[in-house]
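Text of upload.json, listed as JSON, C-alpha atoms:
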[["chain", "number", "residue", "atom", "x", "y", "z"],
["R", 1, "MET", "CA", -6.18, -17.25, -8.80],
["R", 2, "THR", "CA", -3.67, -17.32, -5.94],
["R", 3, "ARG", "CA", -4.84, -17.46, -2.36],
["R", 4, "LEU", "CA", -3.47, -13.96, -1.73],
["R", 5, "ALA", "CA", -5.21, -12.58, -4.80],
["R", 6, "LEU", "CA", -8.42, -14.21, -3.62],
["R", 7, "LEU", "CA", -8.09, -12.56, -0.22],
["R", 8, "LEU", "CA", -7.71, -9.16, -1.83],
["R", 9, "VAL", "CA", -10.56, -9.82, -4.22],
["R", 10, "LEU", "CA", -12.74, -10.47, -1.17],
["R", 11, "LEU", "CA", -12.05, -6.86, -0.21],
["R", 12, "LEU", "CA", -14.11, -5.94, -3.28],
["R", 13, "ALA", "CA", -17.24, -7.71, -2.01],
["R", 14, "VAL", "CA", -20.09, -5.20, -1.87],
["R", 15, "ALA", "CA", -23.61, -5.17, -0.53],
["R", 16, "GLY", "CA", -26.14, -7.06, -2.61],
["R", 17, "LEU", "CA", -23.93, -10.07, -3.25],
["R", 18, "GLU", "CA", -25.82, -13.09, -1.97],
["R", 19, "GLY", "CA", -24.26, -14.64, 1.11],
["R", 20, "CYS", "CA", -21.82, -11.77, 1.74],
["R", 21, "SER", "CA", -22.09, -9.73, 4.92],
["R", 22, "THR", "CA", -21.21, -6.09, 4.55],
["R", 23, "THR", "CA", -20.93, -3.02, 6.75],
["R", 24, "LEU", "CA", -21.04, 0.41, 5.14],
["R", 25, "VAL", "CA", -20.51, 3.92, 6.47],
["R", 26, "GLU", "CA", -22.69, 6.67, 5.03],
["R", 27, "SER", "CA", -19.78, 9.14, 4.97],
["R", 28, "LEU", "CA", -16.02, 8.72, 5.03],
["R", 29, "PRO", "CA", -14.45, 9.74, 8.34],
["R", 30, "VAL", "CA", -12.63, 13.05, 8.62],
["R", 31, "GLY", "CA", -8.94, 12.73, 7.87],
["R", 32, "LYS", "CA", -6.21, 12.79, 5.29],
["R", 33, "ILE", "CA", -7.13, 10.74, 2.22],
["R", 34, "THR", "CA", -4.56, 9.57, -0.30],
["R", 35, "THR", "CA", -4.59, 7.01, -3.11],
["R", 36, "CYS", "CA", -1.11, 5.82, -2.17],
["R", 37, "ASP", "CA", 1.58, 6.13, 0.47],
["R", 38, "ALA", "CA", 5.34, 5.80, 0.17],
["R", 39, "ALA", "CA", 5.23, 2.85, 2.58],
["R", 40, "TRP", "CA", 2.99, 0.72, 0.31],
["R", 41, "PRO", "CA", 4.73, 0.28, -3.09],
["R", 42, "GLY", "CA", 7.18, -2.59, -3.37],
["R", 43, "ASP", "CA", 7.20, -6.34, -2.80],
["R", 44, "TRP", "CA", 5.21, -8.13, -0.10],
["R", 45, "ARG", "CA", 4.28, -11.65, 0.91],
["R", 46, "GLY", "CA", 1.12, -12.82, 2.58],
["R", 47, "VAL", "CA", 1.59, -14.15, 6.09],
["R", 48, "GLU", "CA", -0.71, -16.84, 7.46],
["R", 49, "HIS", "CA", -1.46, -16.30, 11.12],
["R", 50, "GLY", "CA", -2.78, -18.44, 13.93],
["R", 51, "VAL", "CA", -1.66, -21.67, 15.52],
["R", 52, "GLY", "CA", -0.12, -24.17, 13.13],
["R", 53, "LYS", "CA", -0.31, -21.98, 10.02],
["R", 54, "ALA", "CA", 2.69, -21.59, 7.74],
["R", 55, "ALA", "CA", 3.68, -18.61, 5.63],
["R", 56, "MET", "CA", 2.09, -18.31, 2.20],
["R", 57, "ASP", "CA", 4.13, -18.81, -0.96],
["R", 58, "GLU", "CA", 2.38, -15.98, -2.76],
["R", 59, "ARG", "CA", 3.95, -12.59, -3.37],
["R", 60, "ILE", "CA", 2.38, -9.26, -4.23],
["R", 61, "HIS", "CA", 4.04, -6.32, -5.96],
["R", 62, "ILE", "CA", 2.41, -2.90, -5.59],
["R", 63, "ASN", "CA", 3.50, -0.43, -8.25],
["R", 64, "ALA", "CA", 4.80, 3.09, -7.59],
["R", 65, "ASP", "CA", 1.42, 4.82, -7.42],
["R", 66, "CYS", "CA", -0.56, 1.90, -5.91],
["R", 67, "THR", "CA", -2.77, 1.48, -9.00],
["R", 68, "SER", "CA", -1.50, -1.94, -10.05],
["R", 69, "PHE", "CA", -1.14, -5.14, -8.01],
["R", 70, "THR", "CA", 0.84, -8.11, -9.35],
["R", 71, "PHE", "CA", 0.28, -11.49, -7.69],
["R", 72, "THR", "CA", 2.86, -14.26, -8.08],
["R", 73, "ASP", "CA", 2.97, -17.87, -6.91],
["R", 74, "ALA", "CA", 4.60, -21.08, -8.11],
["R", 75, "GLU", "CA", 2.04, -21.47, -10.92],
["R", 76, "LYS", "CA", 1.53, -18.05, -12.47],
["R", 77, "THR", "CA", 1.75, -14.28, -12.29],
["R", 78, "GLN", "CA", -1.22, -11.97, -12.77],
["R", 79, "THR", "CA", -1.51, -8.18, -12.72],
["R", 80, "GLU", "CA", -4.72, -6.37, -11.82],
["R", 81, "PRO", "CA", -5.63, -2.67, -11.66],
["R", 82, "HIS", "CA", -7.12, -1.52, -8.37],
["R", 83, "VAL", "CA", -8.09, 1.74, -6.68],
["R", 84, "LEU", "CA", -6.75, 2.13, -3.17],
["R", 85, "ARG", "CA", -7.74, 4.91, -0.77],
["R", 86, "LEU", "CA", -5.92, 5.30, 2.53],
["R", 87, "ILE", "CA", -7.65, 7.36, 5.20],
["R", 88, "SER", "CA", -5.72, 8.59, 8.26],
["R", 89, "THR", "CA", -8.07, 9.74, 11.03],
["R", 90, "ARG", "CA", -8.11, 10.40, 14.77],
["R", 91, "ALA", "CA", -10.02, 7.12, 15.04],
["R", 92, "GLY", "CA", -7.26, 5.14, 13.32],
["R", 93, "ASP", "CA", -6.20, 4.26, 9.78],
["R", 94, "PHE", "CA", -8.69, 2.86, 7.29],
["R", 95, "LEU", "CA", -8.74, 1.91, 3.62],
["R", 96, "THR", "CA", -11.13, 1.28, 0.78],
["R", 97, "PHE", "CA", -10.28, -1.10, -2.06],
["R", 98, "SER", "CA", -12.12, -1.20, -5.41],
["R", 99, "SER", "CA", -11.77, -1.82, -9.11],
["R", 100, "PRO", "CA", -11.57, 0.98, -11.70],
["R", 101, "GLY", "CA", -15.05, 1.99, -12.85],
["R", 102, "ASP", "CA", -16.82, 0.79, -9.70],
["R", 103, "ALA", "CA", -19.67, 2.95, -8.39],
["R", 104, "PRO", "CA", -18.51, 5.38, -5.67],
["R", 105, "LYS", "CA", -20.81, 3.72, -3.12],
["R", 106, "ALA", "CA", -22.29, 0.27, -2.57],
["R", 107, "CYS", "CA", -26.02, -0.08, -1.90],
["R", 108, "PHE", "CA", -28.43, -2.65, -0.48],
["R", 109, "GLY", "CA", -32.06, -2.98, 0.58],
["R", 110, "ASP", "CA", -35.26, -2.50, -1.38],
["R", 111, "GLY", "CA", -34.48, -0.26, -4.33],
["R", 112, "ASN", "CA", -30.84, -0.11, -3.22],
["R", 113, "THR", "CA", -31.67, 2.87, -1.03],
["R", 114, "HIS", "CA", -29.10, 2.27, 1.73],
["R", 115, "CYS", "CA", -25.73, 3.33, 0.36],
["R", 116, "GLY", "CA", -22.26, 3.83, 1.74],
["R", 117, "THR", "CA", -18.63, 2.75, 1.66],
["R", 118, "GLU", "CA", -17.08, -0.34, 3.22],
["R", 119, "LEU", "CA", -14.01, 0.40, 5.30],
["R", 120, "PHE", "CA", -11.23, -1.89, 6.43],
["R", 121, "ARG", "CA", -9.03, -0.91, 9.35],
["R", 122, "TYR", "CA", -5.29, -1.31, 8.97],
["R", 123, "VAL", "CA", -2.20, -0.94, 11.10],
["R", 124, "ARG", "CA", 1.22, -0.48, 9.55],
["R", 125, "THR", "CA", 4.21, -1.13, 11.78],
["R", 126, "GLY", "CA", 7.55, -0.91, 10.02],
["R", 127, "ASP", "CA", 7.56, -3.48, 7.23],
["R", 128, "ARG", "CA", 4.24, -5.10, 8.15],
["R", 129, "ILE", "CA", 0.68, -4.14, 7.25],
["R", 130, "VAL", "CA", -2.20, -5.79, 9.10],
["R", 131, "LEU", "CA", -5.77, -5.51, 7.78],
["R", 132, "TYR", "CA", -8.93, -6.00, 9.83],
["R", 133, "LYS", "CA", -12.42, -6.35, 8.40],
["R", 134, "PRO", "CA", -15.63, -5.15, 10.06],
["R", 135, "ASP", "CA", -17.27, -7.21, 12.78],
["R", 136, "HIS", "CA", -20.64, -7.32, 11.07],
["R", 137, "LYS", "CA", -22.49, -8.93, 13.98],
["R", 138, "ARG", "CA", -21.33, -6.36, 16.53],
["R", 139, "VAL", "CA", -22.32, -3.52, 14.21],
["R", 140, "HIS", "CA", -25.70, -5.20, 13.62],
["R", 141, "ASP", "CA", -26.26, -5.54, 17.38],
["R", 142, "ALA", "CA", -25.40, -1.87, 17.95],
["R", 143, "LEU", "CA", -27.77, -0.76, 15.19],
["R", 144, "GLU", "CA", -30.55, -3.04, 16.37],
["R", 145, "SER", "CA", -30.27, -1.70, 19.93],
["R", 146, "HIS", "CA", -30.18, 1.90, 18.61],
["R", 147, "ALA", "CA", -26.78, 2.52, 20.18],
["R", 148, "ILE", "CA", -25.88, 4.12, 16.84],
["R", 149, "SER", "CA", -27.97, 5.39, 13.94],
["R", 150, "GLY", "CA", -28.37, 3.59, 10.64],
["R", 151, "TYR", "CA", -30.03, 0.58, 9.09],
["R", 152, "THR", "CA", -29.47, -3.16, 9.38],
["R", 153, "GLU", "CA", -30.78, -6.33, 7.81],
["R", 154, "MET", "CA", -30.10, -9.92, 8.83],
["R", 155, "THR", "CA", -30.97, -13.08, 6.93],
["R", 156, "VAL", "CA", -30.33, -16.63, 8.09],
["R", 157, "ASP", "CA", -29.64, -19.49, 5.67],
["R", 158, "PRO", "CA", -28.69, -23.05, 6.64],
["R", 159, "GLN", "CA", -25.34, -24.35, 5.55],
["R", 160, "THR", "CA", -25.63, -26.64, 2.56],
["R", 161, "THR", "CA", -23.09, -29.21, 3.70],
["R", 162, "ALA", "CA", -24.13, -32.08, 5.96],
["R", 163, "VAL", "CA", -22.91, -32.11, 9.54],
["R", 164, "ASN", "CA", -19.52, -33.80, 9.73],
["R", 165, "GLY", "CA", -19.88, -34.63, 6.02],
["R", 166, "THR", "CA", -22.40, -37.38, 6.75],
["R", 167, "GLN", "CA", -25.28, -37.93, 4.36],
["R", 168, "THR", "CA", -28.61, -37.26, 6.09],
["R", 169, "GLY", "CA", -31.06, -38.58, 3.50],
["R", 170, "ARG", "CA", -33.78, -40.95, 4.77],
["R", 171, "GLY", "CA", -32.62, -44.53, 4.53],
["R", 172, "ALA", "CA", -28.94, -43.64, 4.82],
["R", 173, "VAL", "CA", -29.01, -43.51, 8.63],
["R", 174, "PRO", "CA", -31.59, -44.31, 11.35],
["R", 175, "ASP", "CA", -34.42, -41.81, 11.82],
["R", 176, "GLY", "CA", -33.11, -40.79, 15.24],
["R", 177, "LEU", "CA", -29.79, -39.76, 13.79],
["R", 178, "ILE", "CA", -31.52, -37.95, 10.93],
["R", 179, "LYS", "CA", -33.46, -35.84, 13.42],
["R", 180, "ALA", "CA", -30.38, -35.16, 15.54],
["R", 181, "ARG", "CA", -28.30, -34.09, 12.56],
["R", 182, "THR", "CA", -31.12, -31.98, 11.15],
["R", 183, "ALA", "CA", -31.37, -30.18, 14.49],
["R", 184, "ALA", "CA", -27.60, -29.69, 14.49],
["R", 185, "MET", "CA", -27.76, -28.16, 11.02],
["R", 186, "ASP", "CA", -30.51, -25.83, 12.21],
["R", 187, "ASP", "CA", -28.19, -24.72, 15.01],
["R", 188, "LYS", "CA", -25.46, -24.02, 12.47],
["R", 189, "LYS", "CA", -27.42, -21.54, 10.40],
["R", 190, "VAL", "CA", -25.18, -18.78, 9.07],
["R", 191, "PRO", "CA", -26.41, -15.18, 9.43],
["R", 192, "THR", "CA", -25.74, -12.63, 6.71],
["R", 193, "TYR", "CA", -25.66, -9.00, 7.80],
["R", 194, "HIS", "CA", -26.13, -5.85, 5.75],
["R", 195, "ASN", "CA", -25.34, -2.80, 7.88],
["R", 196, "LEU", "CA", -25.27, 0.94, 7.20],
["R", 197, "ILE", "CA", -23.82, 3.25, 9.86],
["R", 198, "ALA", "CA", -25.44, 6.63, 9.30],
["R", 199, "GLY", "CA", -23.90, 10.04, 9.89],
["R", 200, "GLN", "CA", -21.91, 12.92, 8.51],
["R", 201, "ALA", "CA", -18.12, 12.67, 8.29],
["R", 202, "ASP", "CA", -17.47, 14.00, 11.80],
["R", 203, "GLN", "CA", -20.16, 11.73, 13.27],
["R", 204, "ILE", "CA", -18.70, 8.65, 11.56],
["R", 205, "THR", "CA", -15.26, 9.60, 12.88],
["R", 206, "GLN", "CA", -16.58, 9.80, 16.43],
["R", 207, "ILE", "CA", -18.45, 6.49, 16.11],
["R", 208, "LEU", "CA", -15.32, 4.71, 14.87],
["R", 209, "LYS", "CA", -13.29, 6.25, 17.69],
["R", 210, "GLU", "CA", -15.78, 5.18, 20.34],
["R", 211, "HIS", "CA", -16.33, 1.68, 18.93],
["R", 212, "PRO", "CA", -13.05, -0.03, 18.00],
["R", 213, "GLU", "CA", -14.94, -3.31, 18.49],
["R", 214, "PHE", "CA", -16.70, -2.65, 15.18],
["R", 215, "PHE", "CA", -13.64, -4.25, 13.57],
["R", 216, "GLU", "CA", -12.58, -7.82, 14.27],
["R", 217, "GLU", "CA", -9.70, -8.50, 16.64],
["R", 218, "GLU", "CA", -8.32, -11.29, 14.44],
["R", 219, "PRO", "CA", -6.40, -9.96, 11.40],
["R", 220, "TYR", "CA", -7.99, -10.57, 8.02],
["R", 221, "LEU", "CA", -4.73, -10.26, 6.09],
["R", 222, "ILE", "CA", -1.10, -9.66, 7.03],
["R", 223, "LEU", "CA", 1.45, -8.41, 4.50],
["R", 224, "GLN", "CA", 5.18, -8.58, 5.22],
["R", 225, "ARG", "CA", 7.58, -6.52, 3.11],
["R", 226, "VAL", "CA", 10.16, -8.43, 1.07],
["R", 227, "GLY", "CA", 13.29, -6.37, 0.50],
["R", 228, "PRO", "CA", 13.69, -2.59, 0.82],
["R", 229, "MET", "CA", 11.02, 0.05, 0.30],
["R", 230, "SER", "CA", 10.50, 1.11, -3.29],
["R", 231, "LEU", "CA", 12.54, 4.18, -4.25],
["R", 232, "GLU", "CA", 10.08, 4.92, -7.08],
["R", 233, "ALA", "CA", 7.04, 5.33, -4.87],
["R", 234, "LYS", "CA", 4.69, 8.13, -5.93],
["R", 235, "PRO", "CA", 2.29, 8.81, -3.04]]
Represent the structure of the file as structure tokens.
Amino acid sequence: MTRLALLLVLLLAVAGLEGCSTTLVESLPVGKITTCDAAWPGDWRGVEHGVGKAAMDERIHINADCTSFTFTDAEKTQTEPHVLRLISTRAGDFLTFSSPGDAPKACFGDGNTHCGTELFRYVRTGDRIVLYKPDHKRVHDALESHAISGYTEMTVDPQTTAVNGTQTGRGAVPDGLIKARTAAMDDKKVPTYHNLIAGQADQITQILKEHPEFFEEEPYLILQRVGPMSLEAKP
């Protein structure tokens, strides 16, 4: 699987998958919902961002009605069906990304009683689309402090890799270093958040408008168009 395909597959992560944080909204925000947009079909490349990162080699082709995504790199080409929903609201533009046949909502908690939809925020400017994923910790903090209504869970699991890649088994290093590295690993525990923001459609819209910080500032994925827009687009 190409790196770009892997990034998009991560969009399909839902609540209940061990080790995956997720933030769901109980209702979709009020706005225009479409399964495609004339600006999306065509050829794109993934753009790495940040200091010292180079552009990806992978390409993605989105078909005319946004139901098929073809990923291409130097090694292979693969085509996958996907369901895209684009939601234009007064709080911004959002999307959902799933596979055909997926349940309409994801659920977590005892008996899978907390259900909703995971949203990603996106900004399209000309020939560039930038996707942002939820900031799970900030949503968790807001739920925990009752700033917004909903439900949140947090679990903490230690990372499985040794600090700095150094073996920490007894006998491999002095006891003092074992204790120091064990303490360091304890400090590097990784939280997993499961959040549900509760509310009807208009309430969710208002929450998203008032809390732009519920989505990360750093882009999750950047797509840059390659060539002209598709003339066969069917929004």
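The closest residue to Pro219 of chain R, picked from R:Arg45, R:Lys32, R:Lys133, R:His114 and counting all atoms listed in the file, is R:Lys133.
Summary of the local environment: counting only C-alpha atoms, residues at most 10 Å from Ala91 of chain R, other than itself and those fewer than 6 positions away along its chain, are Pro29, Val30, Gly31, Arg121, Ile204, Thr205, Gln206, Ile207, Leu208, Lys209, Glu210, His211 and Pro212 of chain R.
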Given all atoms listed in the file as the counted atoms, nearest of R:Thr192, R:Gln200, R:Thr113, R:Ser230 to Cys20 of chain R: R:Thr192
Counting all atoms listed in the file, which residues come within 9 Å of (1.2, 1.4, -4.0), with the point read in the file's coordinates, and could you list them as a ChimeraX atom specification? /R:35-42,61-69,84,233-235
Which polymer residues have any atom within 7 Å of an atom of Ile129 of chain R, counting all atoms listed in the file, with same-chain residues fewer than 2 positions away left out, as a ChimeraX atom specification? /R:122-125,127,131,222-224
